[in-house]
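Undergrad: This is entry.txt, which holds compact mmCIF, C-alpha atoms:
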# COMPACT_ATOMS: atom_id res chain seq x y z
CA GLN M 243 0.00 0.00 0.00
CA LEU M 244 1.47 3.34 -1.03
CA GLN M 245 2.07 5.77 1.82
CA LEU M 246 3.24 9.37 1.86
CA GLN M 247 4.54 11.17 4.95
CA GLU M 248 5.31 14.87 5.25
CA SER M 249 8.06 16.06 7.56
CA GLY M 250 9.64 19.37 8.45
CA PRO M 251 9.53 22.27 10.90
CA GLY M 252 6.14 23.17 12.28
CA LEU M 253 7.13 26.78 12.92
CA VAL M 254 8.80 29.17 10.48
CA LYS M 255 9.62 32.83 11.01
CA PRO M 256 8.26 35.50 8.67
CA SER M 257 10.49 36.24 5.66
CA GLU M 258 12.26 32.89 6.03
CA THR M 259 11.97 29.77 3.86
CA LEU M 260 9.53 26.97 4.55
CA SER M 261 11.01 23.54 3.77
CA LEU M 262 9.13 20.25 3.81
CA THR M 263 9.92 16.75 2.63
CA CYS M 264 7.56 13.98 1.56
CA THR M 265 8.77 10.41 1.95
CA VAL M 266 7.12 7.84 -0.28
CA SER M 267 6.92 4.21 0.85
CA GLY M 268 5.30 1.16 -0.68
CA GLY M 269 6.03 2.34 -4.20
CA SER M 270 8.67 3.98 -6.33
CA ILE M 271 8.91 7.69 -6.93
CA THR M 272 10.38 6.86 -10.36
CA SER M 273 7.01 5.64 -11.63
CA SER M 274 6.52 6.74 -15.22
CA THR M 275 2.78 7.26 -14.76
CA HIS M 276 2.79 9.56 -11.76
CA TYR M 277 3.75 13.03 -10.73
CA TRP M 278 4.19 14.04 -7.11
CA GLY M 279 2.50 17.14 -5.77
CA TRP M 280 2.08 19.61 -2.94
CA ILE M 281 -1.24 21.06 -1.81
CA ARG M 282 -1.92 23.33 1.14
CA GLN M 283 -4.95 24.30 3.21
CA PRO M 284 -4.99 27.39 5.45
CA PRO M 285 -6.92 26.88 8.69
CA GLY M 286 -10.65 26.85 7.96
CA LYS M 287 -10.12 27.41 4.25
CA GLY M 288 -9.98 25.44 1.02
CA LEU M 289 -7.33 23.47 -0.80
CA GLU M 290 -4.71 25.19 -2.94
CA TRP M 291 -2.47 23.38 -5.41
CA LEU M 292 1.17 24.48 -5.16
CA GLY M 293 3.08 22.39 -7.67
CA ASN M 294 3.98 18.98 -9.09
CA ILE M 295 7.21 17.23 -10.02
CA TYR M 296 8.07 14.24 -12.21
CA TYR M 297 10.85 11.89 -11.19
CA ASN M 298 13.10 13.31 -13.92
CA GLY M 299 12.90 16.72 -12.28
CA ASN M 300 10.33 18.37 -14.54
CA THR M 301 8.32 20.79 -12.43
CA TYR M 302 4.94 22.49 -12.77
CA TYR M 303 3.90 25.33 -10.47
CA SER M 304 0.82 27.32 -9.57
CA PRO M 305 1.08 30.62 -11.47
CA SER M 306 0.22 32.57 -8.33
CA LEU M 307 3.11 31.10 -6.33
CA ARG M 308 5.63 30.36 -9.09
CA SER M 309 8.06 33.04 -7.92
CA ARG M 310 8.32 31.61 -4.40
CA VAL M 311 7.90 27.84 -4.81
CA THR M 312 10.48 25.20 -5.63
CA VAL M 313 9.77 21.47 -5.72
CA SER M 314 12.64 19.00 -6.02
CA VAL M 315 13.03 15.23 -6.03
CA ASP M 316 15.59 12.82 -4.57
CA THR M 317 15.06 9.47 -6.24
CA SER M 318 17.76 7.80 -4.14
CA LYS M 319 15.73 8.49 -1.01
CA ASN M 320 12.29 8.11 -2.63
CA GLN M 321 11.49 11.65 -1.47
CA PHE M 322 10.39 14.94 -2.90
CA SER M 323 10.55 18.34 -1.26
CA LEU M 324 8.93 21.75 -1.14
CA LYS M 325 10.57 25.11 -0.53
CA LEU M 326 8.52 28.27 -0.15
CA THR M 327 10.49 31.47 0.24
CA SER M 328 9.70 34.79 1.92
CA VAL M 329 6.84 33.38 3.97
CA THR M 330 4.23 35.48 5.73
CA ALA M 331 1.38 34.66 8.09
CA ALA M 332 -0.75 33.98 4.99
CA ASP M 333 1.38 30.89 4.34
CA THR M 334 0.25 29.30 7.60
CA ALA M 335 -1.48 26.12 6.50
CA VAL M 336 -1.63 22.36 6.59
CA TYR M 337 0.64 21.17 3.80
CA PHE M 338 -0.19 17.90 2.05
CA CYS M 339 1.90 15.86 -0.34
CA ALA M 340 0.13 13.61 -2.81
CA ARG M 341 0.60 11.32 -5.76
CA VAL M 342 -0.76 12.52 -9.09
CA GLU M 343 -2.04 9.95 -11.56
CA VAL M 344 -1.05 10.96 -15.09
CA ALA M 345 -1.09 7.64 -16.96
CA THR M 346 -3.43 9.05 -19.58
CA SER M 347 -2.87 12.72 -18.74
CA ASN M 348 -5.68 12.32 -16.24
CA ASN M 349 -4.17 14.50 -13.50
CA TYR M 350 -5.84 13.58 -10.24
CA PHE M 351 -4.56 13.03 -6.70
CA ASP M 352 -5.05 9.39 -5.70
CA TYR M 353 -2.88 9.05 -2.60
CA TRP M 354 -2.35 11.74 0.06
CA GLY M 355 -0.14 12.20 3.06
CA GLN M 356 -1.77 12.99 6.39
CA GLY M 357 -0.68 16.63 6.19
CA THR M 358 1.53 18.72 8.41
CA LEU M 359 0.69 22.09 9.96
CA VAL M 360 3.20 24.84 9.36
CA THR M 361 2.73 28.05 11.29
CA VAL M 362 4.46 31.26 10.26
CA SER M 363 5.13 33.36 13.31
CA SER M 364 7.95 35.17 15.01
CA GLN Y 292 -5.73 30.98 -12.53
CA SER Y 293 -8.82 31.61 -10.41
CA ALA Y 294 -10.31 29.03 -8.09
CA LEU Y 295 -13.32 27.12 -9.35
CA THR Y 296 -16.65 28.23 -7.88
CA GLN Y 297 -18.54 25.94 -5.53
CA PRO Y 298 -21.48 26.69 -3.24
CA ALA Y 299 -20.26 27.25 0.31
CA SER Y 300 -22.78 24.81 1.70
CA VAL Y 301 -25.47 22.34 0.75
CA SER Y 302 -27.71 20.21 2.92
CA GLY Y 303 -30.06 17.30 2.63
CA SER Y 304 -31.95 14.75 4.66
CA PRO Y 305 -30.99 11.09 4.89
CA GLY Y 306 -32.10 9.19 1.81
CA GLN Y 307 -32.33 12.28 -0.36
CA SER Y 308 -30.04 13.23 -3.25
CA ILE Y 309 -27.92 16.35 -3.40
CA THR Y 310 -25.80 17.91 -6.11
CA ILE Y 311 -22.73 20.08 -5.67
CA SER Y 312 -21.76 22.27 -8.60
CA CYS Y 313 -18.28 23.34 -9.62
CA THR Y 314 -18.10 26.18 -12.13
CA GLY Y 315 -14.98 27.06 -14.03
CA THR Y 316 -14.20 28.51 -17.42
CA SER Y 317 -13.56 27.39 -20.96
CA SER Y 318 -9.86 27.21 -20.01
CA ASP Y 319 -10.30 24.55 -17.36
CA VAL Y 320 -13.55 22.67 -16.64
CA GLY Y 321 -15.01 23.42 -20.06
CA ASN Y 322 -11.92 22.41 -22.01
CA TYR Y 323 -10.94 19.14 -20.37
CA ASN Y 324 -12.75 16.08 -19.06
CA LEU Y 325 -10.31 16.10 -16.16
CA VAL Y 326 -12.39 17.11 -13.16
CA SER Y 327 -11.89 15.23 -9.90
CA TRP Y 328 -13.78 15.38 -6.61
CA TYR Y 329 -12.47 14.92 -3.08
CA GLN Y 330 -14.17 14.28 0.25
CA GLN Y 331 -12.53 15.65 3.38
CA TYR Y 332 -13.44 15.08 7.01
CA PRO Y 333 -12.21 17.60 9.62
CA GLY Y 334 -8.55 17.11 10.42
CA LYS Y 335 -8.11 14.47 7.74
CA ALA Y 336 -6.55 14.28 4.31
CA PRO Y 337 -8.83 14.56 1.28
CA LYS Y 338 -10.02 11.33 -0.34
CA LEU Y 339 -10.52 10.88 -4.08
CA MET Y 340 -14.19 10.19 -4.88
CA ILE Y 341 -14.46 10.86 -8.63
CA HIS Y 342 -11.89 11.37 -11.37
CA GLU Y 343 -12.10 12.28 -15.03
CA VAL Y 344 -15.56 13.81 -14.47
CA SER Y 345 -17.45 10.60 -13.77
CA LYS Y 346 -15.10 7.71 -12.98
CA ARG Y 347 -15.32 6.16 -9.54
CA PRO Y 348 -12.20 4.67 -7.93
CA SER Y 349 -12.44 1.17 -6.58
CA GLY Y 350 -14.03 1.17 -3.14
CA VAL Y 351 -16.04 4.37 -3.56
CA SER Y 352 -19.79 3.90 -3.15
CA ASN Y 353 -21.88 3.99 -6.31
CA ARG Y 354 -24.04 6.56 -4.53
CA PHE Y 355 -21.43 9.07 -5.71
CA SER Y 356 -21.57 10.14 -9.34
CA GLY Y 357 -20.13 12.94 -11.43
CA SER Y 358 -21.09 14.76 -14.58
CA LYS Y 359 -20.23 17.86 -16.60
CA SER Y 360 -22.03 20.31 -18.81
CA GLY Y 361 -20.14 23.15 -20.41
CA ASN Y 362 -18.04 24.95 -17.82
CA THR Y 363 -19.81 23.34 -14.84
CA ALA Y 364 -19.09 19.97 -13.28
CA SER Y 365 -21.35 18.36 -10.71
CA LEU Y 366 -21.09 15.80 -7.95
CA THR Y 367 -24.29 14.00 -7.02
CA ILE Y 368 -24.70 11.96 -3.87
CA SER Y 369 -27.80 9.78 -3.81
CA GLY Y 370 -29.32 8.03 -0.81
CA LEU Y 371 -27.68 10.53 1.51
CA GLN Y 372 -26.22 9.05 4.69
CA ALA Y 373 -24.96 10.65 7.88
CA GLU Y 374 -21.41 9.56 7.03
CA ASP Y 375 -21.50 11.70 3.87
CA GLU Y 376 -21.37 14.86 5.99
CA ALA Y 377 -18.00 16.35 5.04
CA ASP Y 378 -16.36 18.99 2.90
CA TYR Y 379 -16.18 18.36 -0.84
CA TYR Y 380 -13.71 19.87 -3.28
CA CYS Y 381 -13.56 19.79 -7.05
CA CYS Y 382 -10.32 20.08 -8.99
CA SER Y 383 -9.76 20.63 -12.69
CA TYR Y 384 -6.87 20.42 -15.07
CA ALA Y 385 -6.26 23.85 -16.60
CA GLY Y 386 -3.68 23.08 -19.27
CA ASN Y 387 0.13 23.27 -19.14
CA SER Y 388 0.15 20.78 -16.24
CA ILE Y 389 -1.64 23.29 -14.00
CA LEU Y 390 -4.36 22.22 -11.58
CA VAL Y 391 -6.97 24.36 -9.85
CA PHE Y 392 -9.25 23.55 -6.91
CA GLY Y 393 -12.70 24.79 -6.07
CA GLY Y 394 -13.33 26.69 -2.86
CA GLY Y 395 -15.02 23.72 -1.23
CA THR Y 396 -18.59 22.87 -0.19
CA LYS Y 397 -19.70 21.86 3.28
CA LEU Y 398 -22.33 19.15 3.12
CA THR Y 399 -24.67 18.92 6.09
CA VAL Y 400 -26.90 15.89 6.53
CA LEU Y 401 -29.96 17.10 8.41
What is this structure when it is put down as structure tokens?
TA:
Amino acid sequence: QLQLQESGPGLVKPSETLSLTCTVSGGSITSSTHYWGWIRQPPGKGLEWLGNIYYNGNTYYSPSLRSRVTVSVDTSKNQFSLKLTSVTAADTAVYFCARVEVATSNNYFDYWGQGTLVTVSS
Amino acid sequence: QSALTQPASVSGSPGQSITISCTGTSSDVGNYNLVSWYQQYPGKAPKLMIHEVSKRPSGVSNRFSGSKSGNTASLTISGLQAEDEADYYCCSYAGNSILVFGGGTKLTVL
């Protein structure tokens, strides 16, 4: 059974960089039919897609966050990561990692991590 | 890329059917049959309920169905049950490997 687990600091100071890692188990991150993505959810609000990555390093970002988001992959560790720069209180959210099914360009999230709360505060 | 538009809340009584709409544009919902729906309980991760407009993953009840007309996709839940009370989100492909979510709909089972 595929599992994804987010990890990283739960508290980040304003103007600093938020960094999270998603560890994939029970399957390979080098799957040719999947991307790997990050989604966030501010407290009490809706889901927001941040970006996806393919195992070869190809990345796809939300236009609204493109200037601040970087997603990378480490195939040797079966992990992918998120960096969000210059954070503010508005970046406080639960951050989810997920697998994206793209076998026939279908683009949907079929497996999710449990999510991790990141609070931006001094 | 603007968020897709969903009603903030819908409600229904047990046994009834409800429909949640998800309105986008000709650049996302209207241009691709790549709308997915997710169910989320408080404090939990979202769960895939429908993909590619109307396809149900294995294990999802056949009480859940999806459809699309023009720029609006819909999720219908028939035979409403107490356990269906949750938040529901739509998501659409918007071209160039970009995805966009709806604002979410809170379903209350009366």
Undergrad: Find the residues of chain Y that sit at most 12 Å from chain M; for each, write down the nearest two atoms and how far apart they are in Å, to one decimal. Count only C-alpha atoms. Sort by chain, then by number going up, and give it as a Markdown table.
TA:
| residue | atom | partner | partner_atom | distance |
| --- | --- | --- | --- | --- |
| Y:Gln292 | CA | M:Pro305 | CA | 6.9 |
| Y:Ser293 | CA | M:Ser306 | CA | 9.3 |
| Y:Ala294 | CA | M:Glu290 | CA | 8.5 |
| Y:Leu295 | CA | M:Glu290 | CA | 10.9 |
| Y:Thr296 | CA | M:Gly288 | CA | 11.5 |
| Y:Gln297 | CA | M:Gly288 | CA | 10.8 |
| Y:Ala299 | CA | M:Gly288 | CA | 10.5 |
| Y:Tyr323 | CA | M:Asn348 | CA | 9.6 |
| Y:Asn324 | CA | M:Asn348 | CA | 8.5 |
| Y:Leu325 | CA | M:Asn348 | CA | 6.0 |
| Y:Val326 | CA | M:Tyr350 | CA | 8.0 |
| Y:Ser327 | CA | M:Tyr350 | CA | 6.3 |
| Y:Trp328 | CA | M:Tyr350 | CA | 8.9 |
| Y:Tyr329 | CA | M:Phe351 | CA | 8.9 |
| Y:Gln330 | CA | M:Leu289 | CA | 11.5 |
| Y:Gln331 | CA | M:Leu289 | CA | 10.3 |
| Y:Tyr332 | CA | M:Gln356 | CA | 11.9 |
| Y:Pro333 | CA | M:Gly286 | CA | 9.5 |
| Y:Gly334 | CA | M:Gln356 | CA | 8.9 |
| Y:Lys335 | CA | M:Gln356 | CA | 6.6 |
| Y:Ala336 | CA | M:Gln356 | CA | 5.4 |
| Y:Pro337 | CA | M:Trp354 | CA | 7.2 |
| Y:Lys338 | CA | M:Asp352 | CA | 7.6 |
| Y:Leu339 | CA | M:Asp352 | CA | 5.9 |
| Y:Met340 | CA | M:Asp352 | CA | 9.2 |
| Y:Ile341 | CA | M:Tyr350 | CA | 9.2 |
| Y:His342 | CA | M:Tyr350 | CA | 6.5 |
| Y:Glu343 | CA | M:Asn348 | CA | 6.5 |
| Y:Val344 | CA | M:Asn348 | CA | 10.1 |
| Y:Lys346 | CA | M:Asn348 | CA | 11.0 |
| Y:Arg347 | CA | M:Asp352 | CA | 11.4 |
| Y:Pro348 | CA | M:Asp352 | CA | 8.9 |
| Y:Ser349 | CA | M:Asp352 | CA | 11.1 |
| Y:Asp378 | CA | M:Gly288 | CA | 9.3 |
| Y:Tyr379 | CA | M:Gly288 | CA | 9.6 |
| Y:Tyr380 | CA | M:Leu289 | CA | 7.7 |
| Y:Cys381 | CA | M:Leu289 | CA | 9.6 |
| Y:Cys382 | CA | M:Tyr350 | CA | 8.0 |
| Y:Ser383 | CA | M:Asn349 | CA | 8.3 |
| Y:Tyr384 | CA | M:Asn349 | CA | 6.7 |
| Y:Ala385 | CA | M:Asn349 | CA | 10.1 |
| Y:Gly386 | CA | M:Asn349 | CA | 10.4 |
| Y:Asn387 | CA | M:Tyr302 | CA | 8.0 |
| Y:Ser388 | CA | M:Tyr302 | CA | 6.2 |
| Y:Ile389 | CA | M:Ser304 | CA | 6.5 |
| Y:Leu390 | CA | M:Trp291 | CA | 6.6 |
| Y:Val391 | CA | M:Trp291 | CA | 6.4 |
| Y:Phe392 | CA | M:Glu290 | CA | 6.2 |
| Y:Gly393 | CA | M:Gly288 | CA | 7.6 |
| Y:Gly394 | CA | M:Gly288 | CA | 5.3 |
| Y:Gly395 | CA | M:Gly288 | CA | 5.8 |
| Y:Thr396 | CA | M:Gly288 | CA | 9.1 |
| Y:Lys397 | CA | M:Gly288 | CA | 10.6 |
Undergrad: Interatomic distance between CA of Leu260 (chain M) and CA of Ile295 (chain M)?
TA: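 So the answer is 17.7 Å.
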Undergrad: May I ask which of the residues M:Gln243, M:Ser257, M:Ser314, M:Thr265 is the closest one to Ser328 (chain M), counting all atoms listed in the file?
TA: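 Looking only at the distances to Ser328 (chain M), the closest residue turns out to be M:Ser257.
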Undergrad: Closest to Leu246 (chain M) among M:Ser273, M:Arg282, M:Phe322, M:Thr361, using all atoms listed in the file?
TA: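 When distances to Leu246 (chain M) are compared using all atoms listed in the file, the smallest one comes from M:Phe322.
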Undergrad: Just the residues within 6 Å of Asn320 (chain M), please, counting only C-alpha atoms, with nothing from its chain fewer than 3 positions along; format it as number ranges by chain.
TA: M: 266, 271, 317
Undergrad: Please return the centre and edge lengths, in Å to one decimal, of a box with edges along x, y and z that contains all listed atoms of region 293-305 of chain M, widened by 3 Å on every side, as AutoDock Vina command-line options.
TA:
--center_x 7.0 --center_y 21.3 --center_z -11.1 --size_x 18.3 --size_y 24.7 --size_z 12.9
Undergrad: Could you check how far CA of Thr312 (chain M) sits from CA of Cys264 (chain M), in Å to one decimal?
TA: 13.6 Å
Undergrad: How many Å separate CA of Ser358 (chain Y) from CA of Ala377 (chain Y)?
TA: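 Straight-line distance from CA of Ser358 (chain Y) to CA of Ala377 (chain Y) works out to 19.9 Å.
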Undergrad: Give me the residues near Ser261 (chain M) as a list in words, where near means some atom within 10 Å (using all atoms listed in the file) and where sequence neighbours in that chain fewer than 4 positions away do not count.
TA: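 Counting only the stated atoms, we get Ser249, Gly250, Pro251, Gly252, Val254, Thr312, Val313, Ser323, Leu324, Lys325, Leu326, Thr327 and Val360 of chain M.
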Undergrad: Residues within 7 Å of region 350-356 of chain Y, please, as a short mmCIF file (atom, residue, chain, number, x, y, z; two decimals) with C-alpha atoms, in the frame of the given file. Count only C-alpha atoms; anything in the same chain fewer than 3 positions from it doesn't count.
TA:
data_model
loop_
_atom_site.label_atom_id
_atom_site.label_comp_id
_atom_site.auth_asym_id
_atom_site.auth_seq_id
_atom_site.Cartn_x
_atom_site.Cartn_y
_atom_site.Cartn_z
CA MET Y 340 -14.19 10.19 -4.88
CA SER Y 345 -17.45 10.60 -13.77
CA ARG Y 347 -15.32 6.16 -9.54
CA LEU Y 366 -21.09 15.80 -7.95
CA THR Y 367 -24.29 14.00 -7.02
CA ILE Y 368 -24.70 11.96 -3.87
CA SER Y 369 -27.80 9.78 -3.81
CA GLY Y 370 -29.32 8.03 -0.81
#
Undergrad: So, counting only C-alpha atoms, which residue among M:Thr259, M:Leu253, M:Gly299, M:Leu307 is closest to Leu359 (chain M)?
TA: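 Among the listed residues, M:Leu253 lies closest to Leu359 (chain M).
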